[in-house]
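Below is one structure, written out as structure tokens; the observations come after it.
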Amino acid sequence: ERQPSHYLLYLSKEPLLRAPLVPLRQHRDRNDLRALHRRLAHAPQHAPALHLAGLLQHQLGHSGVAVDKIQASIALQPGCAAAHNDLGIALKALGRLPEAVESFRQALALSPGFADAHFNLGNALKELGNLPDAVTCFVRADALKPGLPDVATNCGAALRDLNRYDEAAWCYAEALRREPDFPEAHWNRGVLRLLSGEYEGGWRDYEWRWRVPGLLPPKREFAEPEWTGGDLRGRRI
């Protein structure tokens, strides 16, 4: 999922954070959240501070708390499309997919050209099994913000699940044209190639699964050489 990268919060004369959901190690650690809490202690009805506190809570893995914070922000500032988008992200992390879909749709009702909300809605719809609408969302997101490899990759995954293999293959090729070392595109293309009987290229692409963040546990290392599919005559695994 993607959060807005333009969101600014002014706690004093300077913005506290830009792009609040990059990894925490790129922030001034948890002091940012403490600063937000101090701000909210003096102004508990400060909608932007509630919103950003929710974003940071989600990044810390506290998506339930994030939902409460962002909902409080929306109650004070219901016309903020970014807040509805971020609420959808937190709800999706909790597995509350129908509610996430409604939040993304609300973000788009407020801002029809919000590319990230189209992308996030597509991801939620794909998880719910609504593949045709998911493809529509990914195509719209790509038209609004072209050139991103994850949009093309996720569109390809939805098309693959619809058994539209040729279109899925085009999407993966396009994702890799945009970013040749994009692990998710290689891995998904590997799955598609294996399903299509293209075993040599499929297994080669499938090895990229180890590079996809969060997909698998860390790869175990052994003293013995790894078998790469070569001739096993006179050898054993």
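How things are named: the first chain in the structure tokens is A, the next is B, and so on; residues count from 1 in each chain; ligands count from 1 in the order shown.
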
Taking only stretch 7-224 of chain A into account, list the residues labelled helix (DSSP H, G or I) by DSSP (computed from the backbone), as an MDAnalysis selection string.
chainID A and resid 24:26 31:42 47:59 63:76 81:93 97:110 115:127 131:144 149:161 165:178 183:195 199:211

Fewer than 5 positions away in the same chain doesn't count, so skip those; otherwise give me all residues within 7 Å of A:Arg189, counting only C-alpha atoms, as a ChimeraX atom specification.
/A:169,172,205

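Pairwise distance (atom CA of A:Ala100, atom CA of A:Gln71) equals 12.4 Å.
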
Tell me, as a count of residues only, which residues lie within 12 Å of A:Phe138, counting only C-alpha atoms; anything in the same chain fewer than 2 positions away does not count.
38

Just the residues within 12 Å of A:His62, please, counting only C-alpha atoms, with nothing from its chain fewer than 4 positions along; format it as a PyMOL selection string.
chain A and resi 53-58+66-69+90-91+93-94

For N, CA and C atoms, I'd like the residues from the last selection saved as an mmCIF file, in the first residue's frame.
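Result file follows (selection-v8.cif):
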```cif
data_model
loop_
_atom_site.group_PDB
_atom_site.id
_atom_site.type_symbol
_atom_site.label_atom_id
_atom_site.label_comp_id
_atom_site.auth_asym_id
_atom_site.auth_seq_id
_atom_site.Cartn_x
_atom_site.Cartn_y
_atom_site.Cartn_z
ATOM 1 N N ALA A 53 -0.244 10.961 13.888
ATOM 2 C CA ALA A 53 -0.038 10.006 14.978
ATOM 3 C C ALA A 53 -0.532 8.626 14.568
ATOM 4 N N GLY A 54 -1.656 8.587 13.868
ATOM 5 C CA GLY A 54 -2.158 7.305 13.387
ATOM 6 C C GLY A 54 -1.218 6.659 12.391
ATOM 7 N N LEU A 55 -0.652 7.457 11.492
ATOM 8 C CA LEU A 55 0.302 6.915 10.526
ATOM 9 C C LEU A 55 1.509 6.298 11.227
ATOM 10 N N LEU A 56 2.027 7.000 12.220
ATOM 11 C CA LEU A 56 3.198 6.479 12.931
ATOM 12 C C LEU A 56 2.844 5.235 13.732
ATOM 13 N N GLN A 57 1.661 5.201 14.336
ATOM 14 C CA GLN A 57 1.246 4.010 15.068
ATOM 15 C C GLN A 57 1.138 2.811 14.120
ATOM 16 N N HIS A 58 0.617 3.043 12.935
ATOM 17 C CA HIS A 58 0.526 1.954 11.963
ATOM 18 C C HIS A 58 1.915 1.464 11.592
ATOM 19 N N ALA A 66 -3.920 2.951 15.294
ATOM 20 C CA ALA A 66 -3.904 3.833 14.125
ATOM 21 C C ALA A 66 -5.318 4.117 13.638
ATOM 22 N N VAL A 67 -6.157 3.079 13.577
ATOM 23 C CA VAL A 67 -7.543 3.268 13.138
ATOM 24 C C VAL A 67 -8.248 4.270 14.034
ATOM 25 N N ASP A 68 -8.087 4.136 15.351
ATOM 26 C CA ASP A 68 -8.754 5.062 16.284
ATOM 27 C C ASP A 68 -8.285 6.492 16.065
ATOM 28 N N LYS A 69 -6.983 6.675 15.890
ATOM 29 C CA LYS A 69 -6.431 8.024 15.714
ATOM 30 C C LYS A 69 -6.930 8.655 14.410
ATOM 31 N N ALA A 90 -4.768 1.054 7.275
ATOM 32 C CA ALA A 90 -4.742 0.466 8.613
ATOM 33 C C ALA A 90 -5.804 -0.624 8.752
ATOM 34 N N LEU A 91 -6.986 -0.379 8.208
ATOM 35 C CA LEU A 91 -8.047 -1.392 8.271
ATOM 36 C C LEU A 91 -7.645 -2.648 7.502
ATOM 37 N N ALA A 93 -4.640 -3.753 7.047
ATOM 38 C CA ALA A 93 -3.637 -4.459 7.845
ATOM 39 C C ALA A 93 -4.278 -5.302 8.938
ATOM 40 N N LEU A 94 -5.463 -4.889 9.388
ATOM 41 C CA LEU A 94 -6.202 -5.635 10.419
ATOM 42 C C LEU A 94 -7.086 -6.722 9.819
#
```

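Between atom CA of A:Val139 and atom CA of A:Arg204 lies a distance of 28.0 Å.
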
Within 12 Å of A:Gly202 using only C-alpha atoms, minus same-chain residues under 6 positions, as a list in words:
Ala169, His186, Trp187, Asn188, Arg189, Gly190, Val191, Leu192, Arg193, Leu194, Leu195, Ser196, Trp208 and Arg209 of chain A

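Minimum distance to A:Leu87 across A:Gln45, A:Ser111, A:Ser73, A:Ser103 (counting only C-alpha atoms) occurs at A:Ser103.
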
What's around A:Ala81 at 7 Å? Count only C-alpha atoms, leave out sequence neighbours fewer than 2 positions away in its own chain, and write the answer as number ranges by chain.
A: 79, 83-85, 107, 110-111

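Note that atom CA of A:Pro213 and atom CA of A:Gly61 are 16.1 Å apart.
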
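Among the candidate residues A:Glu207, A:Phe104, A:Arg178, A:His51, the one lying nearest to A:Gly229 is A:Glu207, with distances computed using only C-alpha atoms.
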
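Minimum distance to A:Leu97 across A:Ala47, A:Leu128, A:Ala75, A:Ala82 (counting only C-alpha atoms) occurs at A:Leu128.
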